[in-house]
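J.: Quick one, target16.txt (compact mmCIF, C-alpha atoms and all ligand atoms):
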```
# COMPACT_ATOMS: atom_id res chain seq x y z
CA MET K 471 47.62 200.85 48.36
CA ARG K 472 44.99 198.23 49.08
CA ASN K 473 43.64 196.31 46.10
CA LEU K 474 40.02 195.22 45.63
CA MET K 475 40.81 191.75 47.02
CA GLY K 476 41.53 193.54 50.30
CA GLN K 477 45.30 193.03 50.22
CA VAL K 478 47.99 195.61 50.88
CA ASP K 479 49.68 195.75 47.46
CA GLY K 480 53.00 197.24 46.33
CA THR K 481 55.10 196.45 49.41
CA ALA K 482 58.10 194.56 48.01
CA ASN K 483 59.42 196.94 45.39
CA LEU K 484 62.48 198.71 44.07
CA HIS K 485 63.45 201.82 46.01
CA ASP K 486 67.07 202.90 45.70
CA GLU K 487 68.45 204.77 42.73
CA ALA K 488 71.19 202.21 42.00
CA ALA K 489 68.57 199.46 41.65
CA PHE K 490 66.57 201.67 39.25
CA ASP K 491 69.71 202.21 37.17
CA ARG K 492 70.42 198.47 37.02
CA ASN K 493 66.90 197.09 36.59
CA VAL K 494 64.53 199.77 35.32
CA TRP K 495 66.31 202.29 33.07
CA ASP K 496 67.77 201.04 29.80
CA ASP K 497 71.54 201.58 29.44
CA GLY K 498 71.47 202.14 25.67
CA ALA K 499 73.72 199.11 25.03
CA GLN K 500 71.50 197.83 22.23
CA GLN K 501 69.98 201.09 21.00
CA LYS K 502 71.66 204.32 22.03
CA TRP K 503 68.50 206.42 21.67
CA PHE K 504 66.74 204.23 24.26
CA ALA K 505 69.20 204.96 27.12
CA GLY K 506 67.14 206.13 30.08
CA GLY K 507 63.95 204.60 28.66
CA THR K 508 62.17 201.56 30.08
CA VAL K 509 59.78 198.78 29.10
CA LEU K 510 56.28 198.71 30.58
CA VAL K 511 54.35 195.44 30.83
CA LEU K 512 50.69 196.29 31.37
CA ARG K 513 48.07 193.64 32.13
CA ARG K 514 44.38 193.80 32.94
CA ILE K 515 43.73 191.02 35.44
CA ARG K 516 40.15 190.27 36.34
CA ALA K 517 39.50 189.14 39.91
CA GLU K 518 36.67 186.73 40.70
CA MET K 519 35.46 188.86 43.59
CA ASP K 520 32.27 186.89 44.18
CA THR K 521 34.03 183.58 44.90
CA TRP K 522 37.05 185.28 46.55
CA ASP K 523 34.71 186.83 49.08
CA GLU K 524 33.36 183.39 50.00
CA LEU K 525 36.80 182.41 51.34
CA ASP K 526 37.64 182.65 55.04
CA ARG K 527 40.40 184.96 56.18
CA THR K 528 43.02 182.25 56.84
CA SER K 529 42.63 180.81 53.34
CA LYS K 530 42.98 184.29 51.82
CA GLU K 531 46.17 184.88 53.81
CA LEU K 532 47.67 181.48 52.88
CA THR K 533 46.93 182.17 49.21
CA MET K 534 49.00 185.36 49.34
CA GLY K 535 51.51 184.48 52.11
CA ARG K 536 50.74 187.82 53.83
CA ARG K 537 48.28 189.04 56.46
CA LEU K 538 45.24 190.93 55.29
CA ASP K 539 45.28 193.59 58.01
CA THR K 540 48.89 194.80 58.04
CA GLY K 541 50.24 193.22 54.85
CA ALA K 542 53.01 191.60 56.95
CA PRO K 543 54.36 188.26 55.68
CA LEU K 544 52.99 185.25 57.60
CA THR K 545 56.52 184.82 59.02
CA GLY K 546 56.79 188.44 60.26
CA GLU K 547 55.01 191.22 62.11
CA ARG K 548 55.39 194.34 59.99
CA GLU K 549 54.60 195.10 56.38
CA ASN K 550 58.24 195.52 55.39
CA ASP K 551 59.58 192.43 57.18
CA VAL K 552 61.35 190.15 54.71
CA PRO K 553 59.34 186.94 54.20
CA ASP K 554 61.09 183.77 55.40
CA LEU K 555 60.19 181.23 52.74
CA THR K 556 62.00 178.42 54.59
CA ALA K 557 60.14 178.75 57.93
CA SER K 558 57.96 175.81 58.96
CA ARG K 559 55.74 174.92 61.92
CA ASN K 560 55.32 171.23 62.79
CA GLY K 561 56.91 170.40 59.45
CA ILE K 562 54.41 172.52 57.49
CA PRO K 563 55.69 175.63 55.63
CA VAL K 564 54.33 178.82 57.23
CA ILE K 565 54.17 180.43 53.77
CA PRO K 566 52.95 177.73 51.35
CA PRO K 567 55.33 177.12 48.42
CA ASN K 568 52.51 178.00 45.98
CA ALA K 569 51.54 181.22 47.79
CA HIS K 570 51.64 184.26 45.49
CA ILE K 571 54.65 185.88 47.18
CA ALA K 572 56.60 182.60 47.43
CA LEU K 573 56.48 182.22 43.65
CA ALA K 574 56.64 185.91 42.69
CA ARG K 575 59.63 186.73 44.90
CA HIS K 576 62.76 187.43 42.85
CA ARG K 577 65.20 184.52 42.60
CA ASN K 578 68.13 186.90 42.03
CA ASP K 579 68.67 190.69 42.02
CA GLU K 580 68.59 190.77 38.22
CA GLU K 581 64.95 189.65 38.18
CA GLN K 582 63.57 192.54 40.25
CA PHE K 583 61.29 195.14 38.62
CA LEU K 584 59.17 198.10 39.65
CA ARG K 585 55.45 197.41 40.21
CA ARG K 586 52.70 200.04 40.25
CA PRO K 587 49.31 198.33 40.61
CA TYR K 588 46.00 200.15 40.04
CA ASN K 589 42.49 198.91 40.69
CA TYR K 590 39.82 198.86 38.00
CA ASP K 591 36.08 198.43 38.53
CA ASP K 592 33.88 198.43 35.43
CA PRO K 593 30.09 198.19 35.39
CA PRO K 594 29.04 194.52 35.01
CA SER K 595 27.67 193.37 31.65
CA ASP K 596 24.32 191.51 31.57
CA ASP K 597 25.72 188.02 32.07
CA GLU K 598 28.34 188.90 34.68
CA THR K 599 28.16 189.61 38.37
CA SER K 600 31.25 191.80 38.50
CA ASP K 601 34.09 193.04 36.33
CA SER K 602 36.84 194.37 38.48
CA GLY K 603 40.42 193.62 39.35
CA LEU K 604 43.90 194.91 38.89
CA ILE K 605 45.73 196.89 36.25
CA PHE K 606 49.14 195.36 36.79
CA ALA K 607 51.99 197.59 35.62
CA SER K 608 55.64 196.60 35.82
CA TYR K 609 58.63 198.59 34.57
CA GLN K 610 61.87 196.89 33.68
CA ARG K 611 64.91 197.06 31.46
CA ASP K 612 64.34 193.63 29.91
CA PRO K 613 61.05 191.69 30.29
CA ARG K 614 62.82 188.48 29.16
CA ARG K 615 64.99 188.35 32.27
CA GLN K 616 62.57 190.11 34.66
CA PHE K 617 58.82 189.91 34.04
CA ILE K 618 58.68 186.65 32.05
CA PRO K 619 60.41 184.25 34.50
CA VAL K 620 58.23 185.58 37.34
CA GLN K 621 55.07 185.36 35.25
CA GLN K 622 56.02 181.79 34.22
CA ARG K 623 56.30 180.65 37.84
CA LEU K 624 52.95 182.26 38.65
CA ALA K 625 51.27 180.77 35.56
CA ASP K 626 52.53 177.31 36.54
CA ALA K 627 51.42 177.17 40.14
CA ASP K 628 50.20 180.39 41.84
CA ALA K 629 47.44 179.63 44.38
CA LEU K 630 45.88 182.98 43.41
CA ASN K 631 45.22 181.73 39.84
CA ARG K 632 41.89 180.27 40.90
CA TRP K 633 40.56 183.79 41.46
CA VAL K 634 42.35 185.84 38.79
CA THR K 635 42.26 185.80 34.96
CA THR K 636 44.42 187.93 32.71
CA ILE K 637 42.15 189.44 30.07
CA GLY K 638 44.49 191.95 28.46
CA SER K 639 48.23 192.33 28.05
CA ALA K 640 50.55 194.70 26.20
CA THR K 641 54.19 195.76 26.27
CA PHE K 642 55.25 199.36 25.66
CA ALA K 643 58.62 200.99 25.08
CA ILE K 644 58.64 204.12 27.24
CA LEU K 645 60.88 206.79 25.77
CA PRO K 646 63.59 208.41 27.91
CA GLY K 647 62.69 211.71 29.55
CA VAL K 648 63.81 214.99 28.03
CA ALA K 649 66.14 217.77 29.10
CA GLU K 650 65.06 221.39 28.81
CA GLY K 651 64.82 222.43 25.17
CA GLU K 652 64.51 218.83 23.90
CA HIS K 653 61.35 217.07 22.81
CA LEU K 654 60.18 213.51 23.45
CA GLY K 655 61.78 211.01 21.05
CA GLN K 656 64.32 213.53 19.80
CA ARG K 657 67.22 211.08 20.08
CA LEU K 658 65.26 208.42 18.18
CA LEU K 659 64.58 210.77 15.30
CA ALA K 660 68.21 211.90 15.24
CA THR K 661 69.54 208.34 14.62
C1 LIG A 1 45.32 190.25 40.17
C2 LIG A 1 46.58 189.84 40.16
C3 LIG A 1 47.54 190.11 41.27
C4 LIG A 1 47.28 190.46 42.57
C5 LIG A 1 45.93 190.67 43.24
C6 LIG A 1 48.56 190.61 43.23
C7 LIG A 1 48.73 190.95 44.55
C8 LIG A 1 49.94 191.00 45.20
C9 LIG A 1 50.10 191.29 46.60
C10 LIG A 1 48.97 191.63 47.57
C11 LIG A 1 51.42 191.20 46.88
C12 LIG A 1 52.06 191.35 48.29
C13 LIG A 1 52.40 192.75 48.63
C14 LIG A 1 53.51 193.33 47.80
O1 LIG A 1 54.68 193.01 48.00
O2 LIG A 1 53.17 194.12 46.91
C15 LIG A 1 52.10 190.88 45.66
C16 LIG A 1 53.46 190.73 45.54
C17 LIG A 1 54.11 190.53 44.35
N1 LIG A 1 53.53 190.32 43.13
FE1 LIG A 1 51.55 190.26 42.71
N2 LIG A 1 49.57 190.35 42.32
C18 LIG A 1 48.99 190.05 41.11
C19 LIG A 1 49.64 189.74 39.94
C20 LIG A 1 50.99 189.72 39.77
C21 LIG A 1 51.69 189.47 38.52
C22 LIG A 1 51.02 189.21 37.17
C23 LIG A 1 53.02 189.54 38.80
C24 LIG A 1 54.20 189.37 37.88
C25 LIG A 1 54.25 188.53 36.89
C26 LIG A 1 53.17 189.82 40.22
C27 LIG A 1 54.37 189.97 40.84
C28 LIG A 1 54.52 190.21 42.19
C29 LIG A 1 55.82 190.37 42.84
C30 LIG A 1 57.18 190.34 42.17
C31 LIG A 1 55.55 190.56 44.20
C32 LIG A 1 56.58 190.77 45.32
C33 LIG A 1 56.93 189.44 45.93
C34 LIG A 1 57.94 189.61 47.06
O3 LIG A 1 59.11 189.88 46.77
O4 LIG A 1 57.56 189.48 48.23
N3 LIG A 1 51.92 189.92 40.78
N4 LIG A 1 51.18 190.76 44.64
```
When written as structure tokens, how does the structure in this file appear?
Ligand code: HEM

T.:
Amino acid sequence: MRNLMGQVDGTANLHDEAAFDRNVWDDGAQQKWFAGGTVLVLRRIRAEMDTWDELDRTSKELTMGRRLDTGAPLTGERENDVPDLTASRNGIPVIPPNAHIALARHRNDEEQFLRRPYNYDDPPSDDETSDSGLIFASYQRDPRRQFIPVQQRLADADALNRWVTTIGSATFAILPGVAEGEHLGQRLLAT
């Protein structure tokens, strides 16, 4: 999808079933009833659309590390090309080290999670010019080894921080699905 900041969003994500089993679905090691469940981190992130829209295209692309039109990384041509975070031109990194994708990109396979971003666009209150942005949703087995390290790197240095503010955050345990004849939470109530 394309978010309200005009960027193609949701490109680098988990796809294959084995990765879901490792990084999204809980294995029940700590609590048997939670096997097959997952943890959702949900954040409402306001985007400063008025000042973002004052930026020129090149600055917007350097902030993200991807092109606005195709969503391709600045080191590639197609949306799904893998970004080369080491590439430089005349000694200057093509994707700046503080670009959103440079900091958000997983440092190891264990850190990867599933992202499902949604846009929100609420009517402005009297003293505001806009209230819109992203409902960020990530699904993972363990936020301590997945969401939190990524969020920490972004909080420390993400170039996008100038235009985004997290105004709501919550973590939910999502119960495992049910087989025919079962009901949601049945295994929890049985323990
Ligand atoms: C309003 C806030 C945000 C915006 C507008 C935004 C936008 C984007 C965009 C456009 C991409 C590149 C396309 C893609 O791969 O999906 C991206 C990548 C990514 N974002 Fe965000 N994002 C936001 C917040 C966050 C937060 C809070 C996190 C996690 C803490 C996060 C984690 C990631 C990750 C892991 C990637 C993939 C990096 C890669 O492997 O290339 N983002 N984001």

J.: Have a look at K:Arg548, K:Arg516, K:Arg472, K:Arg527 and name the one nearest to Trp633 (chain K); count only C-alpha atoms.

T.: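 The closest residue to Trp633 (chain K) is K:Arg516.
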
J.: Pick from K:Gly561, K:Gly638, K:Pro567, K:Pro543: nearest to Leu624 (chain K), with all atoms listed in the file counted?

T.: K:Pro567

J.: If you take only C-alpha atoms and all ligand atoms and a cut-off of 8 Å, which residues of chain K touch ligand LIG 1 (chain A), and what are their nearest atom pairs and distances in Å to one decimal, in chain and number order, as a tab-separated table?

T.:
```
residue	atom	partner	partner_atom	distance
K:Arg472	CA	A:LIG1	C10	7.9
K:Asn473	CA	A:LIG1	C5	6.7
K:Leu474	CA	A:LIG1	C5	7.8
K:Met475	CA	A:LIG1	C5	6.5
K:Gln477	CA	A:LIG1	C10	4.7
K:Val478	CA	A:LIG1	C10	5.3
K:Asp479	CA	A:LIG1	O2	3.9
K:Gly480	CA	A:LIG1	O2	3.2
K:Thr481	CA	A:LIG1	O1	3.7
K:Ala482	CA	A:LIG1	O1	3.8
K:Asn483	CA	A:LIG1	O1	6.7
K:Arg513	CA	A:LIG1	C22	7.3
K:Ile515	CA	A:LIG1	C1	5.0
K:Arg516	CA	A:LIG1	C1	6.4
K:Ala517	CA	A:LIG1	C1	5.9
K:Met534	CA	A:LIG1	C10	6.5
K:Gly535	CA	A:LIG1	C12	7.9
K:Arg536	CA	A:LIG1	C12	6.7
K:Gly541	CA	A:LIG1	C13	6.6
K:Val552	CA	A:LIG1	O4	7.5
K:Pro553	CA	A:LIG1	O4	6.7
K:His570	CA	A:LIG1	N4	6.6
K:Ile571	CA	A:LIG1	C33	4.4
K:Ala572	CA	A:LIG1	O4	7.0
K:Leu573	CA	A:LIG1	C33	7.6
K:Ala574	CA	A:LIG1	C30	4.5
K:Arg575	CA	A:LIG1	O3	3.7
K:His576	CA	A:LIG1	O3	5.9
K:Gln582	CA	A:LIG1	C30	7.0
K:Phe583	CA	A:LIG1	C30	7.2
K:Arg585	CA	A:LIG1	C29	7.5
K:Gly603	CA	A:LIG1	C1	6.0
K:Leu604	CA	A:LIG1	C1	5.0
K:Ile605	CA	A:LIG1	C1	7.7
K:Phe606	CA	A:LIG1	C22	6.4
K:Ser608	CA	A:LIG1	C24	7.7
K:Phe617	CA	A:LIG1	C25	5.6
K:Ile618	CA	A:LIG1	C25	6.8
K:Pro619	CA	A:LIG1	C25	7.9
K:Val620	CA	A:LIG1	C25	5.0
K:Gln621	CA	A:LIG1	C25	3.7
K:Gln622	CA	A:LIG1	C25	7.5
K:Leu624	CA	A:LIG1	C25	6.6
K:Leu630	CA	A:LIG1	C2	7.6
K:Val634	CA	A:LIG1	C1	5.5
K:Thr635	CA	A:LIG1	C1	7.5
K:Thr636	CA	A:LIG1	C1	7.9
```

J.: Which residue is closest to Ile637 (chain K)? Choose from K:Thr540, K:Ala607, K:Arg514, K:Glu547 and count all atoms listed in the file.

T.: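 Answer, going by the shortest atom-to-atom distance: K:Arg514.
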
J.: Excluding Asp554 (chain K) and residues on its chain fewer than 2 positions from it, collect all residues at most 9 Å away from it, counting all atoms listed in the file, and give them as JSON, numbers by chain.

T.: {"K": [543, 544, 545, 546, 551, 552, 556, 557, 564, 565]}
